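**Student:** Below are the structure tokens for one structure; questions will follow.
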2 protein chains.
Amino acid sequence: MHSIPQLQDKVSELFDTRNYLSTPNELYEPIQYTLSQGGKRLRPLLSLISCSMFGGNLSEVENAAIGLEIFHNFTLLHDDIMDQSPMRRGMPSVYTKWDTNTAILSGDTMFVLAYDYVIKTNPEILYNTLVLFNQTAREVCEGQQYDMNFENLLHTNIEEYMEMIRLKTAVLIAAALKMGALAARASQYDQDAIYDFGILIGIAFQLRDDFLDAFGNQAVFGKPIGNDIVTNKKTFLYLKAFEKANPAQKNQLIQAFAMTDSQQKVKQVLEIYESLQIRHETDNIILELHRQALEILNKINISQENRNSILPFLHKLVGREV
Amino acid sequence: MHSIPQLQDKVSELFDTRNYLSTPNELYEPIQYTLSQGGKRLRPLLSLISCSMFGGNLSEVENAAIGLEIFHNFTLLHDDIMDQSPMRRGMPSVYTKWDTNTAILSGDTMFVLAYDYVIKTNPEILYNTLVLFNQTAREVCEGQQYDMNFENLLHTNIEEYMEMIRLKTAVLIAAALKMGALAARASQYDQDAIYDFGILIGIAFQLRDDFLDAFGNQAVFGKPIGNDIVTNKKTFLYLKAFEKANPAQKNQLIQAFAMTDSQQKVKQVLEIYESLQIRHETDNIILELHRQALEILNKINISQENRNSILPFLHKLVGREV
């Protein structure tokens, strides 16, 4: 198979020269702005890794991979309106830079654009690719709805939270991997296995995000530490803390989350998290998901050499160093 | 071919028993609400008419027709947010009944749902159906953007207006017809001809809407008369009036459109329209489009009997009596 750096170059090549401008400018400029910002391009990279790992021809998955990335960026664009997030990747989000109407309509057009690429897939695998893409797109919308529901709930539980991040984050990672397998004409067993593997990795990826928000190094993480705490986001850490806390500690948590001084609030909440061993609890579950994922990977029908060449990347992914 | 009433029954059958509810409820209830309101279901009816007229099997176009109708309703849902239209089909629009976030995300999910149906199309014609569907979806978004641009412009011209309604309204009508032809395996010539026919009919359909807003009978039209005038909408009538007016009449128009009393404003503008023979001008262009459309229809390779059986429907359509 190709090396990870080779595949990373290939992903850059797929996106860097692409121009989305067209008329009317008002519609396409925000699309060009969004898609030229880059980001990690993780999902198309996973499609290429998977396709290569299963011995497939990269050209068979390229269009679906581009479509997935455009779809992902479309969801971020609409999510930013819904979550009122003024910034994205260090730049003003589209609804801030332009306005809400522009963000809605440019987003819709990006969704069409995503399909424009996906439908270029080899007719032999077009239907299966579309079924996977559609199911994923629908689940991502469902995940966003659950996430918004949680905002308005006083409490939720870890099980519901895990289901939310499965839908909102993991299914797209799983689908990216499965598309590569599908393009490589891997067996149904292998396609399903790489999907299940992707779900576990995707959930671990999100939990690591939750973890780093509290315990990360801002310079490495790229986002301000404690933002989830400041915004009272019901992350795994938050829910686990409430689950483990005794009545006195619960009161402390409630008081801490009600604080208005952000710096003091983060400090206070982190102290309670540490006393409840939330760092350890979160690390443990990520390790367990990682272990289960590797167990699946070991049963997939690829050479040990290919397996070995992707393992370091996977470790970094779950550590969120890519 | 089937009679129009038979095909209308078939369309009702396709939609009336369908249930879109799923979890999370917050996401799917607005979809069920939107899609159970009915509306004319004109686009799927046109697909069925076209398929039947070309001797096709209706089951070959049903899924694409359902997809087109769901797509159309999705665009209305998002348009209502952008245009701040509180009502739709006599009911509160989704963003009014729920909120903007719900309308954005339920709309996105409806778009996925539309594709869910379209991709069930026979693999033999799946790719061509998807290309047509995607091109249409993109053009409808472009049309909505031009429409929003016009709101912010002091003036536009008739040519730009015609291009806007071609994109916003006519391409979907044309695509509905072409999908029927494609499903019936009509020749490329016939597919393209029925598309061109649809564009002309679609533009005429929109111009008749403009016409009836000013000169219609409220009981028949179903919407309050003069709404376009009250909201200073740059319709064909508005643009034609400004085009024909001499400097004095232009001043009268500007003064009339600046009036704050709605009833007086409509009365005043209609008087100027009548003095400029805008009723006659609009009727003329609709008749001319209709004539060109029939010229195309006459060259399409279908029996005279089939042609005759759809003509009364087309007359009614351009008269907006269906």
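Residues in the structure tokens are numbered from 1 in each chain, the chains being A, B, ... in the order shown, and ligands are numbered from 1 in the order shown.
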Compute the set of chain B residues within 9 Å of chain A, using only C-alpha atoms, and express it as a PyMOL selection string.
**Tutor:** chain B and resi 23-24+26-27+78-79+81-83+100-102+104-106+108-113+115-116+119-120+123+126-127+130-131+134-135+137-138+141-146+149
**Student:** As a count of residues only, please: the residues near Leu153 (chain B) (cut-off 12 Å, only C-alpha atoms, same-chain neighbours under 5 positions excluded).
**Tutor:** 7
**Student:** Using Å and a single decimal, report how far CA of Leu311 (chain B) sits from CA of Asp190 (chain B).
**Tutor:**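 These two atoms are separated by 17.2 Å.
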**Student:** Kindly indicate which residue among A:Leu294, A:Ala64, A:Ala174, A:Ile31 lies nearest to Ser93 (chain A), using only C-alpha atoms for the distances.
**Tutor:**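 Checking each candidate against Ser93 (chain A), we get A:Ile31 as the closest.
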**Student:** Set the distance at 12 Å and use only C-alpha atoms: which residues neighbour Ser309 (chain B) once local chain neighbours fewer than 6 positions away are removed? I'd like the list as a PyMOL selection string.
**Tutor:** chain B and resi 1-5+49-50+52-53+302-303+315
**Student:** Quick one: DSSP strand (DSSP E) residues in region 87-263 of chain B, as a list in words?
**Tutor:** Met87, Arg88, Met91 and Pro92 of chain B
**Student:** Find the residues near region 9-16 of chain B: any atom within 12 Å, counting only C-alpha atoms, skip ones fewer than 6 places away on the same chain, and give them as a PyMOL selection string.
**Tutor:** chain B and resi 2-3+32+35-49+52+58-59+61-67+69-70+117
**Student:** Next, dump the selected residues to file, keeping only N, CA, C and O atoms, as a short mmCIF file (atom, residue, chain, number, x, y, z; two decimals), in the first residue's frame.
**Tutor:**
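The file below, part.cif, is the result:
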```
data_model
loop_
_atom_site.label_atom_id
_atom_site.label_comp_id
_atom_site.auth_asym_id
_atom_site.auth_seq_id
_atom_site.Cartn_x
_atom_site.Cartn_y
_atom_site.Cartn_z
N HIS B 2 -52.24 6.87 -19.59
CA HIS B 2 -53.24 7.06 -18.54
C HIS B 2 -53.87 8.45 -18.69
O HIS B 2 -53.23 9.37 -19.18
N SER B 3 -55.10 8.57 -18.22
CA SER B 3 -55.74 9.90 -18.24
C SER B 3 -55.14 10.75 -17.12
O SER B 3 -54.56 10.22 -16.17
N GLN B 32 -42.68 15.67 8.58
CA GLN B 32 -44.02 15.10 8.43
C GLN B 32 -45.05 16.22 8.23
O GLN B 32 -45.92 16.13 7.35
N LEU B 35 -44.59 17.66 4.63
CA LEU B 35 -44.93 16.78 3.51
C LEU B 35 -46.38 16.29 3.56
O LEU B 35 -46.89 15.77 2.57
N SER B 36 -47.04 16.45 4.72
CA SER B 36 -48.44 16.01 4.76
C SER B 36 -49.39 17.16 4.44
O SER B 36 -50.60 16.97 4.40
N GLN B 37 -48.83 18.37 4.22
CA GLN B 37 -49.69 19.51 3.88
C GLN B 37 -50.21 19.44 2.45
O GLN B 37 -51.12 20.16 2.08
N GLY B 38 -49.55 18.60 1.67
CA GLY B 38 -50.04 18.45 0.31
C GLY B 38 -49.45 19.46 -0.64
O GLY B 38 -48.31 19.36 -1.05
N GLY B 39 -50.23 20.47 -0.97
CA GLY B 39 -49.82 21.33 -2.06
C GLY B 39 -50.28 20.66 -3.33
O GLY B 39 -50.94 19.60 -3.29
N LYS B 40 -49.92 21.22 -4.45
CA LYS B 40 -50.46 20.72 -5.72
C LYS B 40 -49.81 19.43 -6.19
O LYS B 40 -50.33 18.74 -7.05
N ARG B 41 -48.61 19.13 -5.66
CA ARG B 41 -47.87 17.94 -6.13
C ARG B 41 -47.71 17.99 -7.66
O ARG B 41 -47.83 16.96 -8.35
N LEU B 42 -47.50 19.18 -8.15
CA LEU B 42 -47.46 19.39 -9.60
C LEU B 42 -46.27 18.68 -10.24
O LEU B 42 -46.39 18.07 -11.31
N ARG B 43 -45.10 18.75 -9.57
CA ARG B 43 -43.90 18.22 -10.20
C ARG B 43 -43.94 16.70 -10.37
O ARG B 43 -43.67 16.20 -11.46
N PRO B 44 -44.32 15.95 -9.32
CA PRO B 44 -44.45 14.50 -9.56
C PRO B 44 -45.53 14.17 -10.59
O PRO B 44 -45.38 13.22 -11.37
N LEU B 45 -46.60 14.97 -10.60
CA LEU B 45 -47.65 14.73 -11.60
C LEU B 45 -47.07 14.90 -13.01
O LEU B 45 -47.32 14.07 -13.90
N LEU B 46 -46.25 15.93 -13.20
CA LEU B 46 -45.64 16.14 -14.52
C LEU B 46 -44.72 14.99 -14.90
O LEU B 46 -44.67 14.58 -16.05
N SER B 47 -44.00 14.45 -13.92
CA SER B 47 -43.14 13.29 -14.21
C SER B 47 -43.97 12.10 -14.68
O SER B 47 -43.61 11.41 -15.63
N LEU B 48 -45.08 11.88 -13.99
CA LEU B 48 -45.94 10.75 -14.36
C LEU B 48 -46.59 10.98 -15.72
O LEU B 48 -46.67 10.05 -16.54
N ILE B 49 -47.05 12.21 -15.97
CA ILE B 49 -47.66 12.52 -17.26
C ILE B 49 -46.65 12.26 -18.38
O ILE B 49 -46.94 11.61 -19.38
N SER B 52 -45.89 8.54 -18.88
CA SER B 52 -47.02 7.86 -19.50
C SER B 52 -47.17 8.27 -20.96
O SER B 52 -47.42 7.43 -21.84
N LEU B 58 -44.86 3.50 -15.27
CA LEU B 58 -44.85 4.52 -14.19
C LEU B 58 -43.93 4.16 -13.04
O LEU B 58 -43.33 5.03 -12.41
N SER B 59 -43.80 2.85 -12.78
CA SER B 59 -42.96 2.46 -11.64
C SER B 59 -41.50 2.86 -11.85
O SER B 59 -40.75 2.99 -10.90
N VAL B 61 -40.48 5.76 -12.82
CA VAL B 61 -40.23 7.19 -12.51
C VAL B 61 -40.73 7.57 -11.11
O VAL B 61 -40.43 8.66 -10.62
N GLU B 62 -41.46 6.66 -10.48
CA GLU B 62 -42.09 7.01 -9.20
C GLU B 62 -41.11 7.52 -8.15
O GLU B 62 -41.35 8.54 -7.50
N ASN B 63 -40.01 6.82 -7.98
CA ASN B 63 -39.07 7.22 -6.92
C ASN B 63 -38.44 8.58 -7.20
O ASN B 63 -38.31 9.41 -6.29
N ALA B 64 -38.06 8.81 -8.45
CA ALA B 64 -37.49 10.11 -8.79
C ALA B 64 -38.53 11.21 -8.60
O ALA B 64 -38.22 12.31 -8.16
N ALA B 65 -39.79 10.89 -8.94
CA ALA B 65 -40.87 11.88 -8.79
C ALA B 65 -41.09 12.24 -7.32
O ALA B 65 -41.25 13.41 -6.97
N ILE B 66 -41.06 11.23 -6.47
CA ILE B 66 -41.19 11.50 -5.03
C ILE B 66 -40.01 12.35 -4.56
O ILE B 66 -40.16 13.32 -3.83
N GLY B 67 -38.82 11.98 -5.02
CA GLY B 67 -37.62 12.73 -4.65
C GLY B 67 -37.70 14.19 -5.06
O GLY B 67 -37.36 15.09 -4.29
N GLU B 69 -40.39 15.99 -5.50
CA GLU B 69 -41.39 16.69 -4.69
C GLU B 69 -40.83 17.00 -3.30
O GLU B 69 -41.04 18.09 -2.76
N ILE B 70 -40.10 16.05 -2.74
CA ILE B 70 -39.50 16.29 -1.41
C ILE B 70 -38.45 17.39 -1.53
O ILE B 70 -38.37 18.29 -0.70
N TYR B 117 -34.95 8.63 -2.15
CA TYR B 117 -35.88 8.13 -3.17
C TYR B 117 -35.24 8.09 -4.55
O TYR B 117 -35.35 7.09 -5.26
#
```
**Student:** Got a sec: who's within 12 Å of Pro312 (chain A), counting only C-alpha atoms, leaving out chain neighbours fewer than 4 positions off, as an NGL selection string?
**Tutor:** :A and (3-4 or 294 or 306-308 or 316-319 or 321-322)
**Student:** Would you return as a VMD selection string the members of region 40-217 of chain A that DSSP assigns to helix (DSSP H, G or I) on this structure's backbone?
**Tutor:** chain A and resid 42 to 53 58 to 60 62 to 83 94 to 97 100 to 118 123 to 152 158 to 183 188 to 215
**Student:** Which residues are near Glu159 (chain B)? Cut-off 12 Å, only C-alpha atoms, ignore same chain within fewer than 6 positions. Put them as number ranges by chain.
**Tutor:** B: 165-166, 235-236, 239-240, 243
**Student:** Compare B:Glu288, B:Leu68, B:Arg279, B:Met259 by their minimum atom-to-atom distance to Met179 (chain B), counting only C-alpha atoms, and give me the closest one.
**Tutor:**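 Of B:Glu288, B:Leu68, B:Arg279, B:Met259, the one nearest Met179 (chain B) is B:Leu68, counting only C-alpha atoms.
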